[in-house]
$ cat entry.cif   # mmCIF, N, CA and C atoms
data_data
loop_
_atom_site.group_PDB
_atom_site.id
_atom_site.type_symbol
_atom_site.label_atom_id
_atom_site.label_comp_id
_atom_site.auth_asym_id
_atom_site.auth_seq_id
_atom_site.Cartn_x
_atom_site.Cartn_y
_atom_site.Cartn_z
ATOM 1 N N MET A 15 -5.987 22.053 -17.117
ATOM 2 C CA MET A 15 -6.175 20.855 -16.317
ATOM 3 C C MET A 15 -5.663 21.099 -14.900
ATOM 4 N N LYS A 16 -6.446 20.715 -13.939
ATOM 5 C CA LYS A 16 -6.098 20.909 -12.540
ATOM 6 C C LYS A 16 -4.930 20.005 -12.143
ATOM 7 N N ASN A 17 -3.988 20.557 -11.383
ATOM 8 C CA ASN A 17 -2.881 19.757 -10.874
ATOM 9 C C ASN A 17 -3.372 18.858 -9.755
ATOM 10 N N LYS A 18 -2.882 17.618 -9.747
ATOM 11 C CA LYS A 18 -3.242 16.675 -8.694
ATOM 12 C C LYS A 18 -2.456 16.984 -7.426
ATOM 13 N N THR A 19 -3.098 16.781 -6.292
ATOM 14 C CA THR A 19 -2.394 16.913 -5.021
ATOM 15 C C THR A 19 -1.504 15.684 -4.826
ATOM 16 N N PHE A 20 -0.603 15.773 -3.867
ATOM 17 C CA PHE A 20 0.262 14.639 -3.547
ATOM 18 C C PHE A 20 -0.593 13.408 -3.237
ATOM 19 N N SER A 21 -1.614 13.583 -2.408
ATOM 20 C CA SER A 21 -2.484 12.462 -2.034
ATOM 21 C C SER A 21 -3.161 11.845 -3.252
ATOM 22 N N GLU A 22 -3.650 12.661 -4.156
ATOM 23 C CA GLU A 22 -4.306 12.143 -5.360
ATOM 24 C C GLU A 22 -3.327 11.343 -6.220
ATOM 25 N N LYS A 23 -2.076 11.795 -6.268
ATOM 26 C CA LYS A 23 -1.046 11.051 -7.009
ATOM 27 C C LYS A 23 -0.792 9.699 -6.360
ATOM 28 N N VAL A 24 -0.764 9.683 -5.031
ATOM 29 C CA VAL A 24 -0.587 8.425 -4.293
ATOM 30 C C VAL A 24 -1.743 7.479 -4.619
ATOM 31 N N TYR A 25 -2.979 7.968 -4.549
ATOM 32 C CA TYR A 25 -4.150 7.127 -4.800
ATOM 33 C C TYR A 25 -4.126 6.580 -6.223
ATOM 34 N N SER A 26 -3.699 7.391 -7.184
ATOM 35 C CA SER A 26 -3.619 6.931 -8.579
ATOM 36 C C SER A 26 -2.657 5.757 -8.717
ATOM 37 N N LEU A 27 -1.531 5.830 -8.032
ATOM 38 C CA LEU A 27 -0.566 4.731 -8.086
ATOM 39 C C LEU A 27 -1.097 3.488 -7.384
ATOM 40 N N VAL A 28 -1.666 3.666 -6.221
ATOM 41 C CA VAL A 28 -2.148 2.521 -5.445
ATOM 42 C C VAL A 28 -3.241 1.772 -6.203
ATOM 43 N N LYS A 29 -4.044 2.476 -6.971
ATOM 44 C CA LYS A 29 -5.084 1.825 -7.781
ATOM 45 C C LYS A 29 -4.482 0.831 -8.780
ATOM 46 N N ARG A 30 -3.223 1.010 -9.128
ATOM 47 C CA ARG A 30 -2.563 0.142 -10.115
ATOM 48 C C ARG A 30 -2.025 -1.159 -9.518
ATOM 49 N N ILE A 31 -1.977 -1.266 -8.196
ATOM 50 C CA ILE A 31 -1.456 -2.484 -7.563
ATOM 51 C C ILE A 31 -2.504 -3.585 -7.737
ATOM 52 N N PRO A 32 -2.135 -4.668 -8.430
ATOM 53 C CA PRO A 32 -3.130 -5.722 -8.684
ATOM 54 C C PRO A 32 -3.499 -6.515 -7.436
ATOM 55 N N ARG A 33 -4.667 -7.088 -7.478
ATOM 56 C CA ARG A 33 -5.133 -7.993 -6.424
ATOM 57 C C ARG A 33 -4.108 -9.116 -6.272
ATOM 58 N N GLY A 34 -3.796 -9.475 -5.032
ATOM 59 C CA GLY A 34 -2.847 -10.546 -4.775
ATOM 60 C C GLY A 34 -1.392 -10.111 -4.806
ATOM 61 N N ARG A 35 -1.171 -8.803 -4.903
ATOM 62 C CA ARG A 35 0.182 -8.246 -4.890
ATOM 63 C C ARG A 35 0.231 -7.129 -3.858
ATOM 64 N N VAL A 36 1.427 -6.746 -3.447
ATOM 65 C CA VAL A 36 1.619 -5.636 -2.519
ATOM 66 C C VAL A 36 2.702 -4.717 -3.057
ATOM 67 N N SER A 37 2.696 -3.492 -2.582
ATOM 68 C CA SER A 37 3.787 -2.565 -2.842
ATOM 69 C C SER A 37 4.137 -1.922 -1.505
ATOM 70 N N THR A 38 5.104 -1.027 -1.530
ATOM 71 C CA THR A 38 5.549 -0.421 -0.276
ATOM 72 C C THR A 38 5.384 1.099 -0.328
ATOM 73 N N TYR A 39 5.389 1.685 0.854
ATOM 74 C CA TYR A 39 5.337 3.141 0.959
ATOM 75 C C TYR A 39 6.526 3.740 0.187
ATOM 76 N N LYS A 40 7.676 3.091 0.317
ATOM 77 C CA LYS A 40 8.893 3.564 -0.342
ATOM 78 C C LYS A 40 8.778 3.470 -1.863
ATOM 79 N N GLU A 41 8.274 2.356 -2.389
ATOM 80 C CA GLU A 41 8.113 2.200 -3.847
ATOM 81 C C GLU A 41 7.200 3.288 -4.409
ATOM 82 N N ILE A 42 6.150 3.609 -3.682
ATOM 83 C CA ILE A 42 5.214 4.647 -4.138
ATOM 84 C C ILE A 42 5.909 6.001 -4.134
ATOM 85 N N ALA A 43 6.635 6.300 -3.068
ATOM 86 C CA ALA A 43 7.360 7.576 -2.992
ATOM 87 C C ALA A 43 8.376 7.681 -4.128
ATOM 88 N N ILE A 44 9.114 6.606 -4.396
ATOM 89 C CA ILE A 44 10.099 6.609 -5.479
ATOM 90 C C ILE A 44 9.412 6.843 -6.826
ATOM 91 N N ALA A 45 8.264 6.192 -7.032
ATOM 92 C CA ALA A 45 7.520 6.375 -8.288
ATOM 93 C C ALA A 45 7.068 7.824 -8.464
ATOM 94 N N LEU A 46 6.902 8.526 -7.351
ATOM 95 C CA LEU A 46 6.512 9.941 -7.388
ATOM 96 C C LEU A 46 7.731 10.865 -7.373
ATOM 97 N N ASN A 47 8.927 10.260 -7.429
ATOM 98 C CA ASN A 47 10.182 11.008 -7.404
ATOM 99 C C ASN A 47 10.327 11.818 -6.113
ATOM 100 N N LYS A 48 9.949 11.190 -5.010
ATOM 101 C CA LYS A 48 10.004 11.811 -3.682
ATOM 102 C C LYS A 48 10.680 10.858 -2.710
ATOM 103 N N LYS A 49 11.019 11.377 -1.538
ATOM 104 C CA LYS A 49 11.508 10.538 -0.446
ATOM 105 C C LYS A 49 10.531 10.590 0.727
ATOM 106 N N ALA A 50 9.311 10.954 0.436
ATOM 107 C CA ALA A 50 8.297 11.201 1.457
ATOM 108 C C ALA A 50 7.519 9.926 1.782
ATOM 109 N N TYR A 51 8.228 8.917 2.320
ATOM 110 C CA TYR A 51 7.588 7.638 2.621
ATOM 111 C C TYR A 51 6.469 7.798 3.639
ATOM 112 N N ARG A 52 6.734 8.571 4.670
ATOM 113 C CA ARG A 52 5.715 8.781 5.708
ATOM 114 C C ARG A 52 4.512 9.558 5.173
ATOM 115 N N ALA A 53 4.763 10.478 4.273
ATOM 116 C CA ALA A 53 3.664 11.241 3.676
ATOM 117 C C ALA A 53 2.747 10.321 2.866
ATOM 118 N N VAL A 54 3.336 9.312 2.240
ATOM 119 C CA VAL A 54 2.530 8.315 1.522
ATOM 120 C C VAL A 54 1.611 7.614 2.522
ATOM 121 N N GLY A 55 2.170 7.197 3.645
ATOM 122 C CA GLY A 55 1.372 6.546 4.681
ATOM 123 C C GLY A 55 0.273 7.440 5.220
ATOM 124 N N ASN A 56 0.595 8.703 5.422
ATOM 125 C CA ASN A 56 -0.416 9.655 5.913
ATOM 126 C C ASN A 56 -1.538 9.830 4.908
ATOM 127 N N ALA A 57 -1.194 9.905 3.627
ATOM 128 C CA ALA A 57 -2.227 10.036 2.588
ATOM 129 C C ALA A 57 -3.136 8.806 2.593
ATOM 130 N N LEU A 58 -2.530 7.631 2.710
ATOM 131 C CA LEU A 58 -3.318 6.399 2.687
ATOM 132 C C LEU A 58 -4.178 6.262 3.940
ATOM 133 N N ASN A 59 -3.731 6.792 5.051
ATOM 134 C CA ASN A 59 -4.516 6.748 6.267
ATOM 135 C C ASN A 59 -5.814 7.537 6.122
ATOM 136 N N LYS A 60 -5.809 8.496 5.228
ATOM 137 C CA LYS A 60 -6.990 9.341 5.004
ATOM 138 C C LYS A 60 -7.695 8.992 3.690
ATOM 139 N N ASN A 61 -7.396 7.846 3.127
ATOM 140 C CA ASN A 61 -7.921 7.397 1.832
ATOM 141 C C ASN A 61 -9.451 7.433 1.791
ATOM 142 N N PRO A 62 -10.030 8.362 1.015
ATOM 143 C CA PRO A 62 -11.490 8.436 0.925
ATOM 144 C C PRO A 62 -12.060 7.493 -0.135
ATOM 145 N N TYR A 63 -11.209 6.790 -0.878
ATOM 146 C CA TYR A 63 -11.645 5.980 -2.009
ATOM 147 C C TYR A 63 -11.599 4.471 -1.755
ATOM 148 N N SER A 64 -11.397 4.080 -0.513
ATOM 149 C CA SER A 64 -11.367 2.659 -0.194
ATOM 150 C C SER A 64 -12.749 2.062 -0.460
ATOM 151 N N PRO A 65 -12.871 0.899 -1.022
ATOM 152 C CA PRO A 65 -11.869 -0.082 -1.413
ATOM 153 C C PRO A 65 -11.361 0.059 -2.852
ATOM 154 N N ILE A 66 -11.833 1.062 -3.604
ATOM 155 C CA ILE A 66 -11.350 1.245 -4.977
ATOM 156 C C ILE A 66 -9.842 1.469 -4.972
ATOM 157 N N VAL A 67 -9.381 2.299 -4.060
ATOM 158 C CA VAL A 67 -7.946 2.467 -3.827
ATOM 159 C C VAL A 67 -7.621 1.542 -2.652
ATOM 160 N N ALA A 68 -7.093 0.362 -2.982
ATOM 161 C CA ALA A 68 -6.894 -0.707 -1.997
ATOM 162 C C ALA A 68 -5.613 -0.491 -1.203
ATOM 163 N N CYS A 69 -5.679 0.429 -0.250
ATOM 164 C CA CYS A 69 -4.484 0.798 0.510
ATOM 165 C C CYS A 69 -3.985 -0.319 1.420
ATOM 166 N N HIS A 70 -4.786 -1.364 1.628
ATOM 167 C CA HIS A 70 -4.302 -2.505 2.407
ATOM 168 C C HIS A 70 -3.166 -3.227 1.689
ATOM 169 N N ARG A 71 -2.987 -2.954 0.402
ATOM 170 C CA ARG A 71 -1.913 -3.580 -0.379
ATOM 171 C C ARG A 71 -0.575 -2.868 -0.237
ATOM 172 N N VAL A 72 -0.521 -1.829 0.570
ATOM 173 C CA VAL A 72 0.722 -1.073 0.761
ATOM 174 C C VAL A 72 1.288 -1.409 2.139
ATOM 175 N N ILE A 73 2.549 -1.844 2.145
ATOM 176 C CA ILE A 73 3.190 -2.309 3.369
ATOM 177 C C ILE A 73 4.565 -1.659 3.507
ATOM 178 N N LYS A 74 5.252 -1.994 4.600
ATOM 179 C CA LYS A 74 6.610 -1.488 4.821
ATOM 180 C C LYS A 74 7.590 -2.202 3.891
ATOM 181 N N SER A 75 8.691 -1.555 3.562
ATOM 182 C CA SER A 75 9.679 -2.162 2.668
ATOM 183 C C SER A 75 10.408 -3.339 3.308
ATOM 184 N N SER A 76 10.232 -3.535 4.603
ATOM 185 C CA SER A 76 10.803 -4.690 5.294
ATOM 186 C C SER A 76 9.924 -5.935 5.121
ATOM 187 N N GLY A 77 8.737 -5.747 4.541
ATOM 188 C CA GLY A 77 7.782 -6.843 4.401
ATOM 189 C C GLY A 77 6.786 -6.901 5.548
ATOM 190 N N GLU A 78 6.988 -6.024 6.547
ATOM 191 C CA GLU A 78 6.043 -5.964 7.663
ATOM 192 C C GLU A 78 4.760 -5.269 7.206
ATOM 193 N N ILE A 79 3.674 -5.599 7.888
ATOM 194 C CA ILE A 79 2.354 -5.101 7.516
ATOM 195 C C ILE A 79 2.232 -3.580 7.576
ATOM 196 N N GLY A 80 2.709 -2.969 8.626
ATOM 197 C CA GLY A 80 2.559 -1.522 8.770
ATOM 198 C C GLY A 80 1.174 -1.168 9.284
ATOM 199 N N GLY A 81 0.890 0.107 9.298
ATOM 200 C CA GLY A 81 -0.372 0.587 9.850
ATOM 201 C C GLY A 81 -1.541 0.447 8.894
ATOM 202 N N PHE A 82 -2.723 0.674 9.440
ATOM 203 C CA PHE A 82 -3.948 0.625 8.647
ATOM 204 C C PHE A 82 -5.021 1.359 9.429
ATOM 205 N N ALA A 83 -5.806 2.160 8.749
ATOM 206 C CA ALA A 83 -6.801 3.008 9.415
ATOM 207 C C ALA A 83 -7.761 2.207 10.287
ATOM 208 N N THR A 84 -8.123 0.995 9.851
ATOM 209 C CA THR A 84 -9.068 0.190 10.633
ATOM 210 C C THR A 84 -8.368 -0.927 11.407
ATOM 211 N N GLY A 85 -7.052 -0.843 11.545
ATOM 212 C CA GLY A 85 -6.296 -1.798 12.349
ATOM 213 C C GLY A 85 -5.544 -2.836 11.529
ATOM 214 N N ALA A 86 -4.407 -3.246 12.050
ATOM 215 C CA ALA A 86 -3.537 -4.199 11.351
ATOM 216 C C ALA A 86 -4.217 -5.552 11.131
ATOM 217 N N GLU A 87 -5.022 -5.991 12.098
ATOM 218 C CA GLU A 87 -5.708 -7.286 11.936
ATOM 219 C C GLU A 87 -6.638 -7.266 10.729
ATOM 220 N N ASN A 88 -7.321 -6.162 10.525
ATOM 221 C CA ASN A 88 -8.208 -6.027 9.370
ATOM 222 C C ASN A 88 -7.396 -6.021 8.071
ATOM 223 N N LYS A 89 -6.246 -5.356 8.087
ATOM 224 C CA LYS A 89 -5.365 -5.320 6.919
ATOM 225 C C LYS A 89 -4.908 -6.733 6.570
ATOM 226 N N ILE A 90 -4.512 -7.491 7.570
ATOM 227 C CA ILE A 90 -4.070 -8.873 7.356
ATOM 228 C C ILE A 90 -5.210 -9.713 6.777
ATOM 229 N N LYS A 91 -6.403 -9.537 7.311
ATOM 230 C CA LYS A 91 -7.570 -10.272 6.821
ATOM 231 C C LYS A 91 -7.806 -9.985 5.334
ATOM 232 N N LEU A 92 -7.727 -8.711 4.950
ATOM 233 C CA LEU A 92 -7.926 -8.332 3.548
ATOM 234 C C LEU A 92 -6.837 -8.916 2.651
ATOM 235 N N LEU A 93 -5.599 -8.878 3.116
ATOM 236 C CA LEU A 93 -4.492 -9.441 2.332
ATOM 237 C C LEU A 93 -4.656 -10.947 2.159
ATOM 238 N N LYS A 94 -5.000 -11.637 3.226
ATOM 239 C CA LYS A 94 -5.183 -13.086 3.149
ATOM 240 C C LYS A 94 -6.321 -13.449 2.206
ATOM 241 N N LYS A 95 -7.362 -12.637 2.198
ATOM 242 C CA LYS A 95 -8.504 -12.845 1.305
ATOM 243 C C LYS A 95 -8.065 -12.802 -0.165
ATOM 244 N N GLU A 96 -6.987 -12.055 -0.440
ATOM 245 C CA GLU A 96 -6.453 -11.944 -1.797
ATOM 246 C C GLU A 96 -5.361 -12.973 -2.080
ATOM 247 N N GLY A 97 -5.121 -13.874 -1.123
ATOM 248 C CA GLY A 97 -4.137 -14.922 -1.338
ATOM 249 C C GLY A 97 -2.725 -14.601 -0.878
ATOM 250 N N ILE A 98 -2.557 -13.467 -0.193
ATOM 251 C CA ILE A 98 -1.244 -13.089 0.334
ATOM 252 C C ILE A 98 -1.042 -13.831 1.659
ATOM 253 N N LYS A 99 0.082 -14.486 1.791
ATOM 254 C CA LYS A 99 0.387 -15.208 3.025
ATOM 255 C C LYS A 99 1.089 -14.281 4.006
ATOM 256 N N VAL A 100 0.561 -14.241 5.226
ATOM 257 C CA VAL A 100 1.110 -13.387 6.277
ATOM 258 C C VAL A 100 1.426 -14.257 7.490
ATOM 259 N N LYS A 101 2.626 -14.096 8.010
ATOM 260 C CA LYS A 101 3.026 -14.820 9.212
ATOM 261 C C LYS A 101 3.782 -13.860 10.117
ATOM 262 N N ASN A 102 3.384 -13.793 11.384
ATOM 263 C CA ASN A 102 4.004 -12.891 12.358
ATOM 264 C C ASN A 102 4.048 -11.443 11.857
ATOM 265 N N ASN A 103 2.935 -10.978 11.299
ATOM 266 C CA ASN A 103 2.791 -9.608 10.770
ATOM 267 C C ASN A 103 3.764 -9.283 9.640
ATOM 268 N N LYS A 104 4.226 -10.299 8.919
ATOM 269 C CA LYS A 104 5.135 -10.104 7.786
ATOM 270 C C LYS A 104 4.627 -10.892 6.587
ATOM 271 N N ILE A 105 4.847 -10.339 5.405
ATOM 272 C CA ILE A 105 4.444 -11.011 4.177
ATOM 273 C C ILE A 105 5.422 -12.150 3.889
ATOM 274 N N GLU A 106 4.891 -13.348 3.654
ATOM 275 C CA GLU A 106 5.727 -14.463 3.238
ATOM 276 C C GLU A 106 5.965 -14.339 1.731
ATOM 277 N N ASN A 107 7.102 -14.791 1.261
ATOM 278 C CA ASN A 107 7.455 -14.686 -0.167
ATOM 279 C C ASN A 107 7.318 -13.251 -0.656
ATOM 280 N N PHE A 108 7.798 -12.333 0.152
ATOM 281 C CA PHE A 108 7.646 -10.900 -0.106
ATOM 282 C C PHE A 108 8.089 -10.506 -1.514
ATOM 283 N N GLU A 109 9.293 -10.925 -1.924
ATOM 284 C CA GLU A 109 9.803 -10.543 -3.249
ATOM 285 C C GLU A 109 8.922 -11.060 -4.390
ATOM 286 N N ASP A 110 8.277 -12.204 -4.177
ATOM 287 C CA ASP A 110 7.418 -12.792 -5.223
ATOM 288 C C ASP A 110 6.124 -12.020 -5.429
ATOM 289 N N VAL A 111 5.631 -11.361 -4.391
ATOM 290 C CA VAL A 111 4.352 -10.647 -4.502
ATOM 291 C C VAL A 111 4.533 -9.126 -4.560
ATOM 292 N N LEU A 112 5.788 -8.672 -4.515
ATOM 293 C CA LEU A 112 6.047 -7.236 -4.537
ATOM 294 C C LEU A 112 5.781 -6.650 -5.925
ATOM 295 N N PHE A 113 4.987 -5.600 -5.961
ATOM 296 C CA PHE A 113 4.671 -4.882 -7.207
ATOM 297 C C PHE A 113 5.487 -3.603 -7.243
ATOM 298 N N ARG A 114 6.272 -3.459 -8.299
ATOM 299 C CA ARG A 114 7.056 -2.223 -8.494
ATOM 300 C C ARG A 114 6.469 -1.454 -9.673
ATOM 301 N N PHE A 115 6.522 -0.151 -9.583
ATOM 302 C CA PHE A 115 5.953 0.702 -10.642
ATOM 303 C C PHE A 115 6.948 0.941 -11.751
#
$ encode --input "entry.cif" --output "structure tokens"
Amino acid sequence: MKNKTFSEKVYSLVKRIPRGRVSTYKEIAIALNKKAYRAVGNALNKNPYSPIVACHRVIKSSGEIGGFATGAENKIKLLKKEGIKVKNNKIENFEDVLFRF
């Protein structure tokens, strides 16, 4: 069996985040037993599986939106479409919608 690349492992985890929930770059890195938070972000920036791998559901551990390949406004629009409340580029009720692996 072929070993998965770091990026493929990230995409596998992100696919598990349910609609209407978010996770963080840090939570994904921890689930992979790594401290490579930025590497998670870099992998998601190059996500070839969108929207199946819904990388808009991954945010900063502070609750801030963070980056997105097609822009933060688009990320916010996608999150709001799923019922996530965003105010001043931050997730409202962050702990209530946070998905941990």
$ select_by_dssp --input "entry.cif" --residues "chain A" --states "helix (DSSP H, G or I)" --output "PyMOL selection string"
chain A and resi 20-28+39-45+51-59+69-71+86-95+108-111
$ closest_residue --input "entry.cif" --among "A:Lys94, A:Cys69, A:Lys23, A:Pro32" --to "A:Gly81" --atoms "only N, CA and C atoms"
A:Cys69
$ residues_around --input "entry.cif" --residues "stretch 49-60 of chain A" --least-positions-apart "3" --cutoff "8 Å" --atoms "only N, CA and C atoms" --output "short mmCIF file (atom, residue, chain, number, x, y, z; two decimals) with N, CA and C atoms, in the frame of the given file"
data_model
loop_
_atom_site.label_atom_id
_atom_site.label_comp_id
_atom_site.auth_asym_id
_atom_site.auth_seq_id
_atom_site.Cartn_x
_atom_site.Cartn_y
_atom_site.Cartn_z
N PHE A 20 -0.60 15.77 -3.87
CA PHE A 20 0.26 14.64 -3.55
C PHE A 20 -0.59 13.41 -3.24
N SER A 21 -1.61 13.58 -2.41
CA SER A 21 -2.48 12.46 -2.03
C SER A 21 -3.16 11.84 -3.25
N GLU A 22 -3.65 12.66 -4.16
CA GLU A 22 -4.31 12.14 -5.36
C GLU A 22 -3.33 11.34 -6.22
N VAL A 24 -0.76 9.68 -5.03
CA VAL A 24 -0.59 8.43 -4.29
C VAL A 24 -1.74 7.48 -4.62
N TYR A 25 -2.98 7.97 -4.55
CA TYR A 25 -4.15 7.13 -4.80
C TYR A 25 -4.13 6.58 -6.22
N THR A 38 5.10 -1.03 -1.53
CA THR A 38 5.55 -0.42 -0.28
C THR A 38 5.38 1.10 -0.33
N TYR A 39 5.39 1.68 0.85
CA TYR A 39 5.34 3.14 0.96
C TYR A 39 6.53 3.74 0.19
N LYS A 40 7.68 3.09 0.32
CA LYS A 40 8.89 3.56 -0.34
C LYS A 40 8.78 3.47 -1.86
N GLU A 41 8.27 2.36 -2.39
CA GLU A 41 8.11 2.20 -3.85
C GLU A 41 7.20 3.29 -4.41
N ILE A 42 6.15 3.61 -3.68
CA ILE A 42 5.21 4.65 -4.14
C ILE A 42 5.91 6.00 -4.13
N ALA A 43 6.64 6.30 -3.07
CA ALA A 43 7.36 7.58 -2.99
C ALA A 43 8.38 7.68 -4.13
N ILE A 44 9.11 6.61 -4.40
CA ILE A 44 10.10 6.61 -5.48
C ILE A 44 9.41 6.84 -6.83
N LEU A 46 6.90 8.53 -7.35
CA LEU A 46 6.51 9.94 -7.39
C LEU A 46 7.73 10.86 -7.37
N TYR A 63 -11.21 6.79 -0.88
CA TYR A 63 -11.64 5.98 -2.01
C TYR A 63 -11.60 4.47 -1.76
N SER A 64 -11.40 4.08 -0.51
CA SER A 64 -11.37 2.66 -0.19
C SER A 64 -12.75 2.06 -0.46
N CYS A 69 -5.68 0.43 -0.25
CA CYS A 69 -4.48 0.80 0.51
C CYS A 69 -3.98 -0.32 1.42
N HIS A 70 -4.79 -1.36 1.63
CA HIS A 70 -4.30 -2.50 2.41
C HIS A 70 -3.17 -3.23 1.69
N GLY A 81 0.89 0.11 9.30
CA GLY A 81 -0.37 0.59 9.85
C GLY A 81 -1.54 0.45 8.89
N PHE A 82 -2.72 0.67 9.44
CA PHE A 82 -3.95 0.62 8.65
C PHE A 82 -5.02 1.36 9.43
N ALA A 83 -5.81 2.16 8.75
CA ALA A 83 -6.80 3.01 9.41
C ALA A 83 -7.76 2.21 10.29
N THR A 84 -8.12 1.00 9.85
CA THR A 84 -9.07 0.19 10.63
C THR A 84 -8.37 -0.93 11.41
#
$ atom_distance --input "entry.cif" --atom1 "atom CA of A:Arg33" --atom2 "atom CA of A:Ala68"
8.7 Å
$ resolve_selection --input "entry.cif" --expression "the PyMOL selection byres ((chain A and resi 111) around 6)" --output "list in words"
Gly34, Arg35, Val36, Asn107, Phe108, Glu109, Asp110, Leu112 and Phe113 of chain A
$ resolve_selection --input "entry.cif" --expression "the PyMOL selection byres (((chain A and resi 100-105 and name CA) around 9) and name CA)" --output "list in words"
Ile73, Ser76, Gly77, Glu78, Ile79, Gly80, Ala86, Glu87, Ile90, Leu93, Lys94, Ile98, Lys99, Glu106, Asn107, Phe108 and Val111 of chain A
$ select_by_dssp --input "entry.cif" --residues "stretch 15-110 of chain A" --states "strand (DSSP E)" --output "mmCIF file with N, CA and C atoms, in the coordinates of the input"
data_model
loop_
_atom_site.group_PDB
_atom_site.id
_atom_site.type_symbol
_atom_site.label_atom_id
_atom_site.label_comp_id
_atom_site.auth_asym_id
_atom_site.auth_seq_id
_atom_site.Cartn_x
_atom_site.Cartn_y
_atom_site.Cartn_z
ATOM 1 N N SER A 37 2.696 -3.492 -2.582
ATOM 2 C CA SER A 37 3.787 -2.565 -2.842
ATOM 3 C C SER A 37 4.137 -1.922 -1.505
ATOM 4 N N THR A 38 5.104 -1.027 -1.530
ATOM 5 C CA THR A 38 5.549 -0.421 -0.276
ATOM 6 C C THR A 38 5.384 1.099 -0.328
ATOM 7 N N VAL A 72 -0.521 -1.829 0.570
ATOM 8 C CA VAL A 72 0.722 -1.073 0.761
ATOM 9 C C VAL A 72 1.288 -1.409 2.139
ATOM 10 N N ILE A 73 2.549 -1.844 2.145
ATOM 11 C CA ILE A 73 3.190 -2.309 3.369
ATOM 12 C C ILE A 73 4.565 -1.659 3.507
ATOM 13 N N VAL A 100 0.561 -14.241 5.226
ATOM 14 C CA VAL A 100 1.110 -13.387 6.277
ATOM 15 C C VAL A 100 1.426 -14.257 7.490
ATOM 16 N N LYS A 101 2.626 -14.096 8.010
ATOM 17 C CA LYS A 101 3.026 -14.820 9.212
ATOM 18 C C LYS A 101 3.782 -13.860 10.117
ATOM 19 N N LYS A 104 4.226 -10.299 8.919
ATOM 20 C CA LYS A 104 5.135 -10.104 7.786
ATOM 21 C C LYS A 104 4.627 -10.892 6.587
ATOM 22 N N ILE A 105 4.847 -10.339 5.405
ATOM 23 C CA ILE A 105 4.444 -11.011 4.177
ATOM 24 C C ILE A 105 5.422 -12.150 3.889
#
